[in-house]
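> Supplied structure: target36.cif, mmCIF, C-alpha atoms.
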```cif
data_input
#
loop_
_atom_site.label_atom_id
_atom_site.label_comp_id
_atom_site.auth_asym_id
_atom_site.auth_seq_id
_atom_site.Cartn_x
_atom_site.Cartn_y
_atom_site.Cartn_z
CA MET Y 297 64.40 131.67 56.12
CA GLY Y 298 66.61 130.30 53.38
CA LEU Y 299 67.30 126.78 52.15
CA THR Y 300 66.11 123.67 53.96
CA ILE Y 301 66.48 119.96 53.35
CA GLY Y 302 63.57 117.53 53.02
CA VAL Y 303 64.16 113.85 53.69
CA ASP Y 304 61.97 111.12 52.19
CA ILE Y 305 62.37 107.67 53.78
CA GLY Y 306 61.45 105.02 51.23
CA GLY Y 307 61.45 101.26 51.37
CA THR Y 308 64.56 100.95 49.19
CA LYS Y 309 66.19 104.39 49.37
CA ILE Y 310 66.40 107.48 51.53
CA ALA Y 311 66.44 110.72 49.54
CA ALA Y 312 67.40 114.14 50.82
CA GLY Y 313 66.84 117.29 48.77
CA VAL Y 314 67.75 120.94 49.16
CA VAL Y 315 64.57 122.99 48.66
CA ASP Y 316 64.18 126.74 48.32
CA GLU Y 317 61.27 128.85 49.58
CA GLU Y 318 59.45 128.51 46.24
CA GLY Y 319 59.41 124.71 46.47
CA ASN Y 320 62.19 124.16 43.93
CA ILE Y 321 64.53 121.21 44.52
CA LEU Y 322 68.09 122.43 43.97
CA SER Y 323 69.98 119.21 44.63
CA THR Y 324 69.37 115.69 45.88
CA PHE Y 325 71.37 112.88 47.44
CA LYS Y 326 70.20 109.29 47.82
CA VAL Y 327 71.42 106.35 49.89
CA PRO Y 328 70.05 102.78 50.24
CA THR Y 329 67.59 102.20 53.07
CA PRO Y 330 69.21 99.99 55.75
CA SER Y 331 67.31 97.23 57.52
CA THR Y 332 67.89 98.39 61.12
CA PRO Y 333 66.52 101.44 62.98
CA ASP Y 334 69.99 102.70 63.91
CA GLY Y 335 71.17 102.13 60.36
CA ILE Y 336 68.34 104.29 59.08
CA VAL Y 337 69.38 107.14 61.38
CA ASP Y 338 72.93 106.85 60.01
CA ALA Y 339 71.59 106.82 56.45
CA ILE Y 340 69.44 109.93 57.04
CA ALA Y 341 72.52 111.75 58.34
CA SER Y 342 74.58 110.63 55.32
CA ALA Y 343 71.88 111.75 52.88
CA VAL Y 344 71.60 115.15 54.57
CA GLU Y 345 75.36 115.64 54.50
CA GLY Y 346 75.49 114.65 50.84
CA ALA Y 347 72.69 117.01 49.84
CA ARG Y 348 73.90 120.02 51.81
CA ALA Y 349 77.32 120.15 50.14
CA GLY Y 350 77.78 123.64 48.69
CA HIS Y 351 74.60 125.03 50.27
CA GLU Y 352 73.91 127.08 53.38
CA ILE Y 353 71.15 125.11 55.14
CA VAL Y 354 68.98 126.39 57.99
CA GLY Y 355 66.98 123.27 58.87
CA VAL Y 356 65.90 119.73 58.02
CA GLY Y 357 62.43 118.20 57.73
CA ILE Y 358 62.05 114.41 57.81
CA GLY Y 359 58.97 112.65 56.45
CA ALA Y 360 58.45 109.43 58.41
CA ALA Y 361 55.76 106.81 57.82
CA GLY Y 362 54.28 106.45 61.27
CA TYR Y 363 52.70 108.24 64.20
CA VAL Y 364 54.69 111.37 65.04
CA ASN Y 365 54.14 113.36 68.22
CA ARG Y 366 52.80 116.89 68.24
CA GLN Y 367 56.21 118.32 69.09
CA ARG Y 368 57.51 116.94 65.75
CA SER Y 369 60.32 115.11 67.50
CA THR Y 370 59.41 111.50 68.33
CA VAL Y 371 57.99 108.68 66.24
CA TYR Y 372 55.50 106.94 68.52
CA PHE Y 373 55.13 103.97 66.21
CA ALA Y 374 56.20 103.09 62.66
CA PRO Y 375 54.58 100.12 60.91
CA ASN Y 376 57.51 99.25 58.64
CA ILE Y 377 60.46 100.23 60.83
CA ASP Y 378 61.06 99.01 64.36
CA TRP Y 379 60.61 102.49 65.82
CA ARG Y 380 58.75 102.67 69.13
CA GLN Y 381 58.96 106.01 70.96
CA GLU Y 382 61.95 106.78 68.71
CA PRO Y 383 63.57 110.19 69.50
CA LEU Y 384 64.39 110.76 65.83
CA LYS Y 385 64.77 114.54 66.01
CA GLU Y 386 67.35 114.32 68.79
CA LYS Y 387 69.34 111.57 67.11
CA VAL Y 388 69.54 113.24 63.70
CA GLU Y 389 70.26 116.70 65.15
CA HIS Y 390 73.19 115.21 67.02
CA ARG Y 391 74.56 113.84 63.75
CA VAL Y 392 74.02 116.79 61.40
CA ASP Y 393 74.23 119.79 63.74
CA LEU Y 394 71.12 121.43 62.22
CA PRO Y 395 67.60 122.05 63.55
CA VAL Y 396 65.40 119.05 62.64
CA VAL Y 397 61.64 118.50 62.61
CA VAL Y 398 59.94 115.17 62.05
CA GLU Y 399 56.63 114.99 60.17
CA ASN Y 400 54.33 112.17 59.19
CA ASP Y 401 55.16 111.47 55.55
CA ALA Y 402 51.56 111.79 54.33
CA ASN Y 403 51.23 115.13 56.15
CA ALA Y 404 54.43 116.29 54.49
CA ALA Y 405 53.16 115.28 51.03
CA ALA Y 406 49.81 116.98 51.70
CA TRP Y 407 51.56 120.20 52.69
CA GLY Y 408 53.75 120.08 49.59
CA GLU Y 409 50.70 119.75 47.34
CA TYR Y 410 48.79 122.46 49.21
CA LYS Y 411 51.64 124.95 49.14
CA PHE Y 412 53.26 124.30 45.76
CA GLY Y 413 51.04 121.92 43.78
CA ALA Y 414 47.38 121.22 43.16
CA GLY Y 415 46.22 122.99 46.33
CA LYS Y 416 47.53 126.44 45.43
CA GLY Y 417 44.73 128.97 45.86
CA HIS Y 418 42.79 126.83 48.36
CA ARG Y 419 42.52 127.46 52.10
CA ASN Y 420 40.78 124.21 53.05
CA VAL Y 421 41.87 120.98 51.38
CA ILE Y 422 41.96 117.31 52.26
CA CYS Y 423 44.66 115.21 50.64
CA ILE Y 424 44.53 111.45 50.28
CA THR Y 425 47.31 109.26 48.94
CA LEU Y 426 46.19 106.13 47.11
CA GLY Y 427 49.25 103.93 46.99
CA THR Y 428 50.03 100.53 48.43
CA GLY Y 429 47.98 101.75 51.39
CA LEU Y 430 45.93 104.90 51.99
CA GLY Y 431 47.11 108.02 53.83
CA GLY Y 432 46.28 111.68 53.93
CA GLY Y 433 46.56 115.14 55.39
CA ILE Y 434 44.26 117.92 56.58
CA ILE Y 435 44.80 121.60 55.77
CA ILE Y 436 42.12 123.86 57.24
CA GLY Y 437 42.46 127.63 57.33
CA ASN Y 438 45.88 127.39 55.65
CA LYS Y 439 47.23 125.31 58.53
CA LEU Y 440 48.25 121.67 58.68
CA ARG Y 441 46.05 120.06 61.30
CA ARG Y 442 47.89 117.33 63.21
CA GLY Y 443 45.42 116.85 66.08
CA HIS Y 444 46.06 117.10 69.82
CA PHE Y 445 48.55 114.21 69.95
CA GLY Y 446 49.92 114.77 66.44
CA VAL Y 447 48.44 111.67 64.82
CA ALA Y 448 45.38 113.00 62.96
CA ALA Y 449 44.52 112.12 59.35
CA GLU Y 450 45.25 108.39 59.53
CA PHE Y 451 42.45 108.04 57.02
CA GLY Y 452 43.45 104.58 55.87
CA HIS Y 453 42.42 103.17 59.23
CA ILE Y 454 38.94 104.60 59.39
CA ARG Y 455 36.77 101.51 59.79
CA MET Y 456 34.53 101.37 56.73
CA VAL Y 457 33.19 97.82 57.16
CA PRO Y 458 32.41 96.43 60.65
CA ASP Y 459 34.11 93.05 60.99
CA GLY Y 460 35.49 93.48 57.48
CA LEU Y 461 38.82 92.47 56.00
CA LEU Y 462 41.75 92.16 58.39
CA CYS Y 463 44.15 95.10 58.10
CA GLY Y 464 47.88 95.14 58.77
CA CYS Y 465 47.18 97.48 61.69
CA GLY Y 466 45.35 94.65 63.46
CA SER Y 467 41.86 96.06 63.00
CA GLN Y 468 39.19 94.93 60.54
CA GLY Y 469 37.42 96.75 57.74
CA CYS Y 470 39.86 99.67 57.39
CA TRP Y 471 39.34 101.99 54.42
CA GLU Y 472 42.71 101.10 52.87
CA GLN Y 473 41.62 97.48 52.58
CA TYR Y 474 39.03 98.64 50.04
CA ALA Y 475 40.67 101.68 48.38
CA SER Y 476 44.39 101.15 47.73
CA GLY Y 477 46.80 99.52 45.33
CA ARG Y 478 46.60 96.27 47.27
CA ALA Y 479 42.80 96.35 47.08
CA LEU Y 480 42.89 96.96 43.32
CA VAL Y 481 45.06 93.89 42.74
CA ARG Y 482 42.80 91.81 44.96
CA TYR Y 483 39.71 92.91 43.02
CA ALA Y 484 41.33 92.04 39.72
CA LYS Y 485 42.50 88.60 40.85
CA GLN Y 486 39.06 87.75 42.23
CA ARG Y 487 37.28 88.84 39.07
CA ALA Y 488 39.75 87.17 36.73
CA ASN Y 489 39.36 83.95 38.65
CA ALA Y 490 35.56 84.15 38.47
CA THR Y 491 35.27 85.23 34.82
CA PRO Y 492 38.55 84.57 32.99
CA GLU Y 493 36.80 85.12 29.65
CA ASN Y 494 36.46 88.81 30.61
CA ALA Y 495 40.15 89.12 31.49
CA GLU Y 496 41.92 87.66 28.48
CA TYR Y 497 44.08 90.70 27.83
CA LEU Y 498 44.77 91.27 31.52
CA LEU Y 499 45.84 87.66 32.02
CA SER Y 500 48.07 87.79 28.94
CA LEU Y 501 50.17 90.52 30.55
CA GLY Y 502 51.27 88.24 33.39
CA ASP Y 503 51.82 84.51 33.57
CA GLY Y 504 48.32 83.68 32.35
CA THR Y 505 46.90 83.04 35.82
CA PRO Y 506 45.02 85.35 38.20
CA ASP Y 507 47.85 85.00 40.74
CA GLY Y 508 50.24 86.55 38.22
CA ILE Y 509 48.31 89.83 37.97
CA GLU Y 510 50.20 92.94 39.12
CA GLY Y 511 49.10 96.53 39.48
CA LYS Y 512 50.86 97.65 36.30
CA HIS Y 513 48.99 94.99 34.34
CA ILE Y 514 45.61 96.29 35.54
CA SER Y 515 46.42 99.82 34.38
CA MET Y 516 47.56 98.66 30.95
CA ALA Y 517 44.57 96.38 30.51
CA ALA Y 518 42.04 98.99 31.63
CA ARG Y 519 43.32 101.39 28.99
CA GLN Y 520 42.62 98.69 26.40
CA GLY Y 521 39.07 98.18 27.68
CA ASP Y 522 39.64 94.86 29.45
CA LEU Y 523 36.37 94.29 31.32
CA VAL Y 524 37.86 92.89 34.52
CA ALA Y 525 40.47 95.63 34.74
CA VAL Y 526 37.92 98.40 34.18
CA ASP Y 527 35.53 96.87 36.70
CA SER Y 528 38.32 96.58 39.27
CA TYR Y 529 39.03 100.31 38.98
CA ARG Y 530 35.33 101.03 39.36
CA GLU Y 531 35.19 98.99 42.56
CA LEU Y 532 38.19 100.81 44.00
CA ALA Y 533 36.64 104.16 42.99
CA ARG Y 534 33.34 103.22 44.63
CA TRP Y 535 35.04 102.81 47.98
CA ALA Y 536 37.36 105.80 47.53
CA GLY Y 537 34.45 108.11 46.65
CA ALA Y 538 32.32 106.87 49.54
CA GLY Y 539 35.17 107.65 51.93
CA LEU Y 540 35.58 111.15 50.50
CA ALA Y 541 31.86 111.75 51.07
CA ASP Y 542 32.36 110.90 54.75
CA LEU Y 543 35.36 113.23 54.97
CA ALA Y 544 33.28 116.00 53.37
CA SER Y 545 30.78 115.64 56.19
CA LEU Y 546 33.60 116.13 58.69
CA PHE Y 547 35.71 118.85 57.08
CA ASP Y 548 33.76 120.46 54.21
CA PRO Y 549 36.87 121.25 52.11
CA SER Y 550 36.89 123.17 48.85
CA ALA Y 551 38.97 120.41 47.24
CA PHE Y 552 40.16 116.87 47.66
CA ILE Y 553 43.63 116.27 46.26
CA VAL Y 554 44.25 112.67 45.25
CA GLY Y 555 47.90 111.65 45.21
CA GLY Y 556 49.87 108.42 45.46
CA GLY Y 557 50.74 105.99 42.72
CA LEU Y 558 47.16 105.36 41.63
CA SER Y 559 46.66 109.06 40.90
CA ASP Y 560 49.18 108.68 38.07
CA GLU Y 561 46.38 106.97 36.13
CA GLY Y 562 44.60 110.32 35.83
CA GLU Y 563 40.97 110.28 34.75
CA LEU Y 564 40.94 106.48 34.62
CA VAL Y 565 40.67 106.58 38.41
CA LEU Y 566 39.59 110.18 39.11
CA ASP Y 567 36.43 110.25 37.02
CA PRO Y 568 34.80 107.24 38.73
CA ILE Y 569 35.94 108.54 42.14
CA ARG Y 570 34.15 111.85 41.45
CA LYS Y 571 30.98 110.00 40.46
CA SER Y 572 31.06 107.81 43.55
CA TYR Y 573 31.80 110.79 45.79
CA LYS Y 574 28.78 112.69 44.52
CA ARG Y 575 26.64 109.55 44.71
CA TRP Y 576 27.37 109.12 48.43
CA LEU Y 577 27.59 112.80 49.43
CA VAL Y 578 24.63 113.68 51.65
CA GLY Y 579 22.54 116.27 49.80
CA GLY Y 580 24.91 116.05 46.85
CA ASN Y 581 22.34 117.30 44.37
CA TRP Y 582 21.63 120.44 46.38
CA ARG Y 583 24.90 121.55 47.96
CA PRO Y 584 28.26 122.81 46.68
CA VAL Y 585 30.51 119.89 45.79
CA ALA Y 586 34.25 119.98 46.43
CA ASP Y 587 36.59 119.52 43.51
CA VAL Y 588 38.38 116.16 43.27
CA ILE Y 589 41.70 116.87 41.60
CA ALA Y 590 44.94 115.05 40.88
CA ALA Y 591 48.09 115.81 42.79
CA GLN Y 592 50.75 117.58 40.74
CA LEU Y 593 54.07 117.00 42.46
CA GLY Y 594 54.24 113.21 42.22
CA ASN Y 595 56.88 111.59 44.37
CA LYS Y 596 58.48 114.99 45.06
CA ALA Y 597 55.60 116.11 47.28
CA GLY Y 598 56.90 114.52 50.47
CA MET Y 599 60.41 115.92 50.12
CA VAL Y 600 59.21 119.42 49.23
CA GLY Y 601 56.58 119.41 51.97
CA ALA Y 602 58.96 118.17 54.67
CA ALA Y 603 61.54 120.80 53.70
CA ASP Y 604 58.96 123.59 53.81
CA LEU Y 605 57.54 122.45 57.13
CA ALA Y 606 61.03 122.77 58.59
CA ARG Y 607 60.47 126.54 58.16
CA GLU Y 608 57.11 126.48 59.96
CA PRO Y 609 56.95 127.58 63.60
CA ASP Y 610 56.54 124.95 66.30
CA PRO Y 611 52.82 124.03 66.14
CA VAL Y 612 52.59 123.36 69.90
CA MET Y 613 51.22 126.45 71.62
#
```
Take the structure from the file and write it as structure tokens.


Amino acid sequence: MGLTIGVDIGGTKIAAGVVDEEGNILSTFKVPTPSTPDGIVDAIASAVEGARAGHEIVGVGIGAAGYVNRQRSTVYFAPNIDWRQEPLKEKVEHRVDLPVVVENDANAAAWGEYKFGAGKGHRNVICITLGTGLGGGIIIGNKLRRGHFGVAAEFGHIRMVPDGLLCGCGSQGCWEQYASGRALVRYAKQRANATPENAEYLLSLGDGTPDGIEGKHISMAARQGDLVAVDSYRELARWAGAGLADLASLFDPSAFIVGGGLSDEGELVLDPIRKSYKRWLVGGNWRPVADVIAAQLGNKAGMVGAADLAREPDPVM
């Protein structure tokens, strides 16, 4: 079909990239993320126009953090932008005069990894993104599965603990409250407060108090063998692996692809996740076990995936 543009809407910047059919990014253009919904639409249009200069473009895919309808046109609800029933496809098409599709950003990243990254060669994969929160995507039979209403794979809001920790979504006990970057920092602060003698190196990286601990400090300290930092990763991995075992019971994939910022830590996080996954997998000693592998595309996955999905036929039959 030719070149398409993928748009990644971030908290501080909106990036648009021209992507070819092999998943290569040919050019990018970035603009600051405005604070208003209408300003974001304007910024998306500006980023697309900046990226398309000198290229013949056939379509645009937008990765949006929120619930996107099955027709890939409307954002039902976005947690971090005041979008409610937002006709994003229509608004951006009017501005850029190109066909536009809107995808959930985690779905777009999952598709990018499946098509061009760690999922190459697999037909059935589940992707999870371990970042500030927890997201994911479902590819079964080489197709992205969005669900009847388009809002499948909101894995972070599976309720893992009845009456558990309050989540930003308004529910309690959601998976992302126990397996995410926020959860990791919480674990480390709690443990450093309880046993500061086991967190001397970790505490030295901040202001010397548990409240000063940041995610980057935990990674650095864990690599130096700091007991609290290592134990915090193990706790996160325990919950992440248990959730993967539940997903295996639902989807039986050949591989789980773990992306998001925490996946950048490699085996520091992946090895304990694998162990926890097998520990909680029903019949794990007697059945085939899916691979748990690191994502390969990093923060490019969403842009590449959104651009490629702009080439996919309308999923609504």

> Using atom CA of Y:Asp338 and atom CA of Y:Ala597 as the two end points, give the distance in Å to one decimal.

23.4 Å

> Take the point (67.6, 108.6, 67.4) in the file's coordinates, draw a sphere of radius 10 Å around it, and report as a list of chain:residue names every protein, DNA or RNA residue with an atom inside or on it, counting all atoms listed in the file.

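The residues near that point, listed by chain and number, are Y:Pro333, Y:Asp334, Y:Ile336, Y:Val337, Y:Asp338, Y:Ser369, Y:Thr370, Y:Val371, Y:Trp379, Y:Gln381, Y:Glu382, Y:Pro383, Y:Leu384, Y:Lys385, Y:Glu386, Y:Lys387, Y:Val388, Y:Glu389, Y:His390, Y:Arg391.
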
> From the set Y:Asp587, Y:Glu399, Y:Glu531, Y:Glu496, which residue has the shortest atom-to-atom contact distance to Y:Ala448, counting all atoms listed in the file?

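For Y:Ala448, the nearest of the candidates is Y:Glu399.
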
> Let me know the residues the PyMOL selection byres ((chain Y and resi 345) around 12) catches in the file above, as a short mmCIF file (atom, residue, chain, number, x, y, z; two decimals) with C-alpha atoms, keeping the file's coordinate frame.


```cif
data_model
loop_
_atom_site.label_atom_id
_atom_site.label_comp_id
_atom_site.auth_asym_id
_atom_site.auth_seq_id
_atom_site.Cartn_x
_atom_site.Cartn_y
_atom_site.Cartn_z
CA ILE Y 301 66.48 119.96 53.35
CA VAL Y 303 64.16 113.85 53.69
CA ALA Y 311 66.44 110.72 49.54
CA ALA Y 312 67.40 114.14 50.82
CA GLY Y 313 66.84 117.29 48.77
CA VAL Y 314 67.75 120.94 49.16
CA SER Y 323 69.98 119.21 44.63
CA THR Y 324 69.37 115.69 45.88
CA PHE Y 325 71.37 112.88 47.44
CA LYS Y 326 70.20 109.29 47.82
CA VAL Y 327 71.42 106.35 49.89
CA ASP Y 338 72.93 106.85 60.01
CA ALA Y 339 71.59 106.82 56.45
CA ILE Y 340 69.44 109.93 57.04
CA ALA Y 341 72.52 111.75 58.34
CA SER Y 342 74.58 110.63 55.32
CA ALA Y 343 71.88 111.75 52.88
CA VAL Y 344 71.60 115.15 54.57
CA GLY Y 346 75.49 114.65 50.84
CA ALA Y 347 72.69 117.01 49.84
CA ARG Y 348 73.90 120.02 51.81
CA ALA Y 349 77.32 120.15 50.14
CA GLY Y 350 77.78 123.64 48.69
CA HIS Y 351 74.60 125.03 50.27
CA GLU Y 352 73.91 127.08 53.38
CA ILE Y 353 71.15 125.11 55.14
CA VAL Y 356 65.90 119.73 58.02
CA VAL Y 388 69.54 113.24 63.70
CA GLU Y 389 70.26 116.70 65.15
CA ARG Y 391 74.56 113.84 63.75
CA VAL Y 392 74.02 116.79 61.40
CA ASP Y 393 74.23 119.79 63.74
CA LEU Y 394 71.12 121.43 62.22
#
```

> If we count all atoms listed in the file, what is near Y:Ala488 at a cut-off of 10 Å, once residues fewer than 6 positions away on the same chain are taken out, given as a PyMOL selection string?

chain Y and resi 482+494-496+498-499+505-507+509+523-525+528

> Create the file for the chosen residues now, containing C-alpha atoms and written as a PDB file, in the frame of the given file.


```pdb
ATOM      1  CA  ARG Y 482      42.800  91.810  44.960  1.00  0.00           C
ATOM      2  CA  ASN Y 494      36.460  88.810  30.610  1.00  0.00           C
ATOM      3  CA  ALA Y 495      40.150  89.120  31.490  1.00  0.00           C
ATOM      4  CA  GLU Y 496      41.920  87.660  28.480  1.00  0.00           C
ATOM      5  CA  LEU Y 498      44.770  91.270  31.520  1.00  0.00           C
ATOM      6  CA  LEU Y 499      45.840  87.660  32.020  1.00  0.00           C
ATOM      7  CA  THR Y 505      46.900  83.040  35.820  1.00  0.00           C
ATOM      8  CA  PRO Y 506      45.020  85.350  38.200  1.00  0.00           C
ATOM      9  CA  ASP Y 507      47.850  85.000  40.740  1.00  0.00           C
ATOM     10  CA  ILE Y 509      48.310  89.830  37.970  1.00  0.00           C
ATOM     11  CA  LEU Y 523      36.370  94.290  31.320  1.00  0.00           C
ATOM     12  CA  VAL Y 524      37.860  92.890  34.520  1.00  0.00           C
ATOM     13  CA  ALA Y 525      40.470  95.630  34.740  1.00  0.00           C
ATOM     14  CA  SER Y 528      38.320  96.580  39.270  1.00  0.00           C
TER      15      SER Y 528
END
```

> Mind checking which residues fall within 10 Å of Y:Phe547, counting only C-alpha atoms, ignoring those fewer than 4 positions away in the same chain, and posting them as a list of chain:residue names?

Y:Asn420, Y:Val421, Y:Ile422, Y:Ile434, Y:Ile435, Y:Ile436, Y:Asp542, Y:Leu543

> Measuring atom to atom with all atoms listed in the file, identify which of Y:Gly466, Y:Gly562, Y:Ser545, Y:His444 is nearest to Y:Val585.

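The answer is Y:Ser545, which sits nearest to Y:Val585.
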
> Compile the contact shell of Y:Gln468 as JSON, numbers by chain: residues with an atom at most 10 Å away, counting all atoms listed in the file, same-chain residues fewer than 2 positions apart removed.

{"Y": [453, 454, 455, 456, 457, 458, 459, 460, 461, 462, 463, 464, 465, 466, 470, 471, 473]}

> Could you check the closest approach to Y:Asn403 for each of Y:Leu430, Y:Leu440, Y:Ala551, Y:Ala590 and tell me which residue wins, using only C-alpha atoms?

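With only C-alpha atoms as the atom set, the closest residue is Y:Leu440.
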
> Could I see stretch 302-310 of chain Y restored to all heavy atoms, set down as a CSV table (one decimal), in the frame of the given file?


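Contents of result.csv, freshly written:
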```csv
chain,number,residue,atom,x,y,z
Y,302,GLY,N,64.6,118.5,52.8
Y,302,GLY,CA,63.6,117.5,53.0
Y,302,GLY,C,64.1,116.1,52.8
Y,302,GLY,O,64.8,115.9,51.9
Y,303,VAL,N,63.7,115.2,53.7
Y,303,VAL,CA,64.2,113.8,53.7
Y,303,VAL,C,63.0,112.9,53.5
Y,303,VAL,O,62.0,113.0,54.3
Y,303,VAL,CB,64.9,113.4,55.0
Y,303,VAL,CG1,65.3,112.0,54.9
Y,303,VAL,CG2,66.1,114.3,55.2
Y,304,ASP,N,63.0,112.1,52.5
Y,304,ASP,CA,62.0,111.1,52.2
Y,304,ASP,C,62.5,109.7,52.5
Y,304,ASP,O,63.5,109.3,51.8
Y,304,ASP,CB,61.6,111.3,50.7
Y,304,ASP,CG,60.4,110.4,50.3
Y,304,ASP,OD1,59.7,109.9,51.2
Y,304,ASP,OD2,60.3,110.1,49.1
Y,305,ILE,N,61.9,109.0,53.4
Y,305,ILE,CA,62.4,107.7,53.8
Y,305,ILE,C,61.5,106.7,53.0
Y,305,ILE,O,60.3,106.5,53.3
Y,305,ILE,CB,62.2,107.4,55.3
Y,305,ILE,CG1,63.0,108.5,56.1
Y,305,ILE,CG2,62.7,106.0,55.7
Y,305,ILE,CD1,62.8,108.4,57.6
Y,306,GLY,N,62.1,106.0,52.0
Y,306,GLY,CA,61.4,105.0,51.2
Y,306,GLY,C,61.8,103.6,51.6
Y,306,GLY,O,62.8,103.4,52.4
Y,307,GLY,N,61.2,102.6,51.0
Y,307,GLY,CA,61.4,101.3,51.4
Y,307,GLY,C,62.8,100.8,50.9
Y,307,GLY,O,63.4,99.9,51.5
Y,308,THR,N,63.3,101.4,49.8
Y,308,THR,CA,64.6,101.0,49.2
Y,308,THR,C,65.6,102.0,49.2
Y,308,THR,O,66.8,101.7,49.2
Y,308,THR,CB,64.4,100.5,47.7
Y,308,THR,OG1,63.9,101.6,47.0
Y,308,THR,CG2,63.4,99.3,47.6
Y,309,LYS,N,65.2,103.3,49.3
Y,309,LYS,CA,66.2,104.4,49.4
Y,309,LYS,C,65.7,105.5,50.3
Y,309,LYS,O,64.5,105.7,50.5
Y,309,LYS,CB,66.5,104.9,48.0
Y,309,LYS,CG,65.3,105.6,47.3
Y,309,LYS,CD,65.7,106.1,45.9
Y,309,LYS,CE,64.5,106.9,45.3
Y,309,LYS,NZ,63.3,106.1,45.1
Y,310,ILE,N,66.7,106.3,50.8
Y,310,ILE,CA,66.4,107.5,51.5
Y,310,ILE,C,66.9,108.6,50.7
Y,310,ILE,O,68.1,108.6,50.3
Y,310,ILE,CB,67.1,107.4,52.9
Y,310,ILE,CG1,66.4,106.4,53.8
Y,310,ILE,CG2,67.0,108.8,53.6
Y,310,ILE,CD1,67.1,106.1,55.1
```
